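Have a look at run_39.cif below; it lists mmCIF, C-alpha atoms.
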```cif
data_model
loop_
_atom_site.label_atom_id
_atom_site.label_comp_id
_atom_site.auth_asym_id
_atom_site.auth_seq_id
_atom_site.Cartn_x
_atom_site.Cartn_y
_atom_site.Cartn_z
CA MET B 214 2.90 -57.93 16.55
CA ASN B 215 -0.47 -57.80 18.09
CA GLU B 216 -3.54 -56.07 16.72
CA SER B 217 -3.41 -53.05 19.10
CA THR B 218 0.17 -52.19 18.01
CA VAL B 219 -0.88 -52.21 14.34
CA GLN B 220 -3.88 -50.03 15.20
CA ASP B 221 -1.65 -47.57 17.16
CA ARG B 222 0.76 -47.24 14.21
CA SER B 223 -2.13 -46.68 11.85
CA ASN B 224 -3.52 -43.93 14.10
CA ASN B 225 -0.05 -42.31 14.38
CA ARG B 226 0.26 -42.24 10.57
CA ARG B 227 -3.15 -40.56 10.27
CA ILE B 228 -2.19 -37.93 12.83
CA ILE B 229 1.11 -37.23 11.05
CA LEU B 230 -0.73 -37.02 7.72
CA LEU B 231 -3.26 -34.54 9.16
CA ILE B 232 -0.47 -32.41 10.65
CA GLY B 233 1.29 -32.42 7.25
CA ILE B 234 -1.89 -31.33 5.45
CA ALA B 235 -2.45 -28.56 8.02
CA LEU B 236 1.14 -27.31 7.54
CA ILE B 237 0.74 -27.28 3.75
CA ALA B 238 -2.56 -25.38 4.04
CA ALA B 239 -0.98 -22.83 6.41
CA THR B 240 1.97 -22.35 4.04
CA VAL B 241 -0.34 -21.78 1.06
CA TYR B 242 -2.42 -19.31 3.07
CA PHE B 243 0.74 -17.48 4.18
CA LEU B 244 2.04 -17.25 0.60
CA LEU B 245 -1.30 -16.04 -0.77
CA ARG B 246 -1.85 -13.56 2.06
CA PHE B 247 1.58 -12.01 2.48
CA VAL B 248 3.72 -12.72 -0.60
CA MET B 249 1.39 -12.54 -3.62
CA PRO B 250 0.77 -8.97 -4.82
CA PRO B 251 -2.77 -7.83 -4.03
CA GLY B 252 -5.00 -5.92 -6.40
CA ILE B 253 -4.77 -4.49 -9.90
CA SER B 254 -1.67 -2.75 -11.27
CA THR B 255 -1.74 1.02 -11.65
CA GLU B 256 -1.04 0.59 -15.37
CA ASP B 257 -4.13 -1.57 -15.81
CA VAL B 258 -6.36 0.83 -13.85
CA VAL B 259 -5.18 3.84 -15.89
CA ALA B 260 -5.51 1.97 -19.22
CA ASN B 261 -9.00 0.61 -18.40
CA SER B 262 -10.33 3.35 -16.11
CA ASP B 263 -13.87 3.22 -17.55
CA GLU B 264 -14.16 -0.35 -16.29
CA TYR B 265 -13.21 0.64 -12.73
CA LEU B 266 -14.70 4.14 -12.25
CA GLY B 267 -16.97 4.37 -9.22
CA ARG B 268 -15.99 0.90 -7.99
CA THR B 269 -14.07 0.05 -4.85
CA ILE B 270 -10.85 -1.63 -5.97
CA THR B 271 -7.38 -2.44 -4.69
CA VAL B 272 -4.63 -0.80 -6.77
CA ARG B 273 -0.91 -1.53 -6.47
CA GLY B 274 1.98 0.63 -7.61
CA ILE B 275 5.00 2.64 -6.52
CA ALA B 276 4.67 5.82 -4.42
CA ALA B 277 5.91 8.54 -6.75
CA GLY B 278 5.68 11.90 -4.98
CA MET B 279 3.58 13.80 -2.45
CA ILE B 280 1.31 16.72 -3.24
CA PHE B 281 1.52 19.20 -0.36
CA GLU B 282 0.55 22.79 0.28
CA ALA B 283 2.44 25.34 2.33
CA THR B 284 1.95 28.91 3.42
CA LEU B 285 4.31 31.30 1.61
CA ASN B 286 5.73 33.51 4.35
CA GLU B 287 9.24 34.75 3.55
CA CYS B 288 11.17 34.61 6.78
CA GLU B 289 14.68 36.02 7.26
CA PRO B 290 16.55 34.21 8.66
CA PHE B 291 15.02 30.86 7.69
CA GLU B 292 13.12 29.09 10.46
CA CYS B 293 11.32 25.75 10.25
CA ASP B 294 8.19 27.11 11.91
CA CYS B 295 7.86 30.09 9.55
CA ASN B 296 5.39 28.26 7.26
CA THR B 297 2.85 25.52 7.82
CA THR B 298 2.40 22.51 5.53
CA TYR B 299 -0.50 20.19 4.85
CA SER B 300 -1.01 17.11 2.67
CA LYS B 301 -3.76 14.66 1.76
CA TYR B 302 -2.51 13.27 -1.55
CA PHE B 303 0.36 11.45 -3.19
CA PHE B 304 0.94 9.77 -6.53
CA LEU B 305 0.90 6.03 -7.10
CA GLY B 306 2.82 5.12 -10.25
CA PRO B 307 3.51 2.12 -12.46
CA GLY B 308 5.16 -0.93 -10.94
CA LYS B 309 8.11 -0.50 -13.30
CA ARG B 310 9.92 2.80 -13.63
CA ASP B 311 10.85 4.29 -16.99
CA ASN B 312 14.02 6.28 -17.80
CA LEU B 313 12.46 9.46 -16.42
CA GLY B 314 11.77 8.00 -12.99
CA TYR B 315 8.11 7.03 -12.57
CA GLY B 316 6.38 7.58 -15.88
CA LEU B 317 4.33 10.36 -17.35
CA ILE B 318 1.66 12.10 -15.29
CA GLU B 319 -0.99 10.29 -17.37
CA THR B 320 0.21 6.98 -15.90
CA LEU B 321 -0.12 8.11 -12.28
CA LEU B 322 -3.02 7.77 -9.89
CA ILE B 323 -3.70 10.30 -7.10
CA VAL B 324 -4.27 8.60 -3.73
CA ASN B 325 -6.24 10.50 -1.08
CA ALA B 326 -4.93 8.71 2.01
CA LEU B 327 -2.76 11.15 3.95
CA ASP B 328 -3.56 13.32 6.96
CA CYS B 329 -0.34 15.29 7.42
CA ASN B 330 0.31 18.67 9.06
CA GLY B 331 3.53 20.36 10.00
CA ASN B 332 5.99 23.13 9.39
CA GLU B 333 8.51 23.93 6.68
CA CYS B 334 10.86 21.12 7.74
CA THR B 335 8.72 18.16 8.84
CA MET B 336 5.14 16.93 8.74
CA SER B 337 3.51 14.56 11.19
CA CYS B 338 1.11 12.10 9.58
CA GLU B 339 -1.74 10.58 11.56
CA ARG B 340 -3.02 7.87 9.22
CA LEU B 341 -0.05 6.86 7.08
CA VAL B 342 3.52 7.78 6.23
CA TYR B 343 4.38 6.81 2.69
CA LYS B 344 7.87 6.56 1.19
CA ASN B 345 8.76 7.40 -2.41
CA GLY B 346 9.84 4.35 -4.38
CA GLN B 347 8.02 1.88 -2.11
CA MET B 348 5.41 -0.52 -3.50
CA TYR B 349 1.89 -0.13 -2.06
CA ALA B 350 -1.59 -1.57 -2.59
CA PHE B 351 -4.49 0.71 -1.60
CA THR B 352 -8.19 -0.11 -1.46
CA GLY B 353 -10.57 2.70 -2.31
CA ARG B 354 -13.12 4.06 -4.79
CA LEU B 355 -11.78 5.11 -8.20
CA ASP B 356 -12.92 8.62 -9.15
CA GLU B 357 -12.19 11.00 -12.03
CA GLY B 358 -11.53 14.72 -11.49
CA PHE B 359 -12.83 17.53 -13.66
CA ARG B 360 -9.54 17.61 -15.62
CA GLY B 361 -9.61 13.86 -16.19
CA GLU B 362 -7.11 12.92 -13.48
CA LEU B 363 -7.82 9.62 -11.74
CA SER B 364 -7.88 9.44 -7.95
CA LEU B 365 -8.48 6.81 -5.31
CA GLU B 366 -10.94 8.23 -2.75
CA ASP B 367 -12.39 6.88 0.53
CA VAL B 368 -9.23 4.81 1.01
CA ASN B 369 -9.61 2.00 3.55
CA LEU B 370 -6.23 1.76 5.28
CA ASN B 371 -7.32 -1.44 7.04
CA LYS B 372 -7.36 -3.10 3.61
CA SER B 373 -4.20 -1.42 2.27
CA TYR B 374 -0.65 -2.78 2.24
CA ARG B 375 3.01 -1.82 1.81
CA ARG B 376 5.54 -4.24 0.40
CA VAL B 377 8.49 -4.82 2.71
CA GLY B 378 10.97 -7.29 1.22
CA LEU B 379 8.89 -10.22 -0.01
CA PHE B 380 5.90 -9.49 2.22
CA TRP B 381 2.79 -7.28 2.04
CA LEU B 382 2.20 -5.73 5.48
CA PRO B 383 -0.72 -3.53 6.60
CA VAL B 384 0.04 0.18 6.10
CA SER B 385 -1.37 0.92 9.55
CA GLN B 386 2.03 -0.18 10.90
CA PHE B 387 3.73 2.78 9.20
CA GLY B 388 2.89 6.14 10.86
CA GLY B 389 5.14 9.01 11.93
CA GLN B 390 6.96 11.97 10.38
CA ILE B 391 8.01 12.97 6.85
CA ASP B 392 10.97 15.26 6.12
CA VAL B 393 9.78 17.87 3.57
CA ARG B 394 13.01 19.84 3.08
#
```
With the file now loaded, output its structure as structure tokens.
Amino acid sequence: MNESTVQDRSNNRRIILLIGIALIAATVYFLLRFVMPPGISTEDVVANSDEYLGRTITVRGIAAGMIFEATLNECEPFECDCNTTYSKYFFLGPGKRDNLGYGLIETLLIVNALDCNGNECTMSCERLVYKNGQMYAFTGRLDEGFRGELSLEDVNLNKSYRRVGLFWLPVSQFGGQIDVR
């Protein structure tokens, strides 16, 4: 073997080693970015709300019901377009459900992230369509209402995620309609 062949093999090993390190780094980044749960659990935020009030935080939990308003026209026969509906809020609950479903109201956080309008049958949502029972992580400012309820305001949907299988994907990918019947 001559000296140039030994040098070529040595260079090839270095290149393979660098490619291996790059693949390991990319895998770690992928796992940290898309698989690891972001933010603080809803339970922790509710239990330690004084620590988080007024701060911008990322909170994760399960979507546990929408708060929506509707006009109260009584139409005979029933028609979908008889009443209009509107929603800005939904509940984010503990990561683990209790026997009642999602936990007591004191364990829930109100998230101000929706922009939905519609009729008595469906609502179209501009910013986000959430689904009950799905795990989310929202980034916003924690606030306390006059009755002591906690809410996440000024939600940044560009820094908010929905868990799909093992992965955390941006919520901006999930727009459309909600069935309200």
Between atom CA of B:Ser300 and atom CA of B:Met336 - distance in Å to one decimal: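 Rounded to one decimal, the two atoms are 8.6 Å apart.
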Computed interatomic separation between atom CA of B:Asn330 and atom CA of B:Asp294 (Å): 11.9 Å
Given all atoms listed in the file as the counted atoms, nearest of B:Val377, B:Leu370, B:Leu266, B:Leu341 to B:Gly358: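 Looking at the shortest contact to B:Gly358, the residue is B:Leu266.
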Polymer residues at most 10 Å from B:Gly274, only C-alpha atoms, same-chain spacing of 6 or more positions, as an NGL selection string: :B and (252-256 or 304-309 or 321-322 or 346-351 or 375)
Polymer residues at most 8 Å from B:Ala326, only C-alpha atoms, same-chain spacing of 6 or more positions, as a list in words: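 Close residues of B:Ala326: Lys301, Tyr302, Phe303, Arg340, Leu341, Glu366, Asp367, Val368 and Leu370 of chain B.
Taking atom CA of B:Arg360 as the reference point, atom CA of B:Asn345 is found at 24.8 Å.
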Minimum-distance residue to B:Asn369, chosen among B:Cys338, B:Val259, B:Ala235, B:Val272 (using only C-alpha atoms): B:Val272
Residue nearest B:Arg376 - candidates B:Glu362, B:Glu264, B:Ala276, B:Thr240, atoms counted: all atoms listed in the file: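 Of B:Glu362, B:Glu264, B:Ala276, B:Thr240, the one nearest B:Arg376 is B:Ala276, counting all atoms listed in the file.
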Nearest-residue call for B:Ile323, choices B:Ser262, B:Asn225, B:Ser364, B:Ser373, using only C-alpha atoms: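 For B:Ile323, the nearest of the given residues is B:Ser364.
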Mind giving me the axis-aligned box for stretch 255-260 of chain B with 3 Å on every side, centre plus edges in Å to one decimal, as lines of an AutoDock Vina configuration file?
```
center_x = -3.7
center_y = 1.1
center_z = -15.4
size_x = 11.3
size_y = 11.4
size_z = 13.6
```
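Using all atoms listed in the file for every distance, the candidate list B:Ser337, B:Thr298, B:Asp328, B:Lys344 yields B:Lys344 as the residue closest to B:Ala277.
With all atoms listed in the file as the basis for measurement, B:Ile275 is the residue among B:Ile275, B:Ile228, B:Ile234, B:Cys293 that approaches B:Tyr374 most closely.
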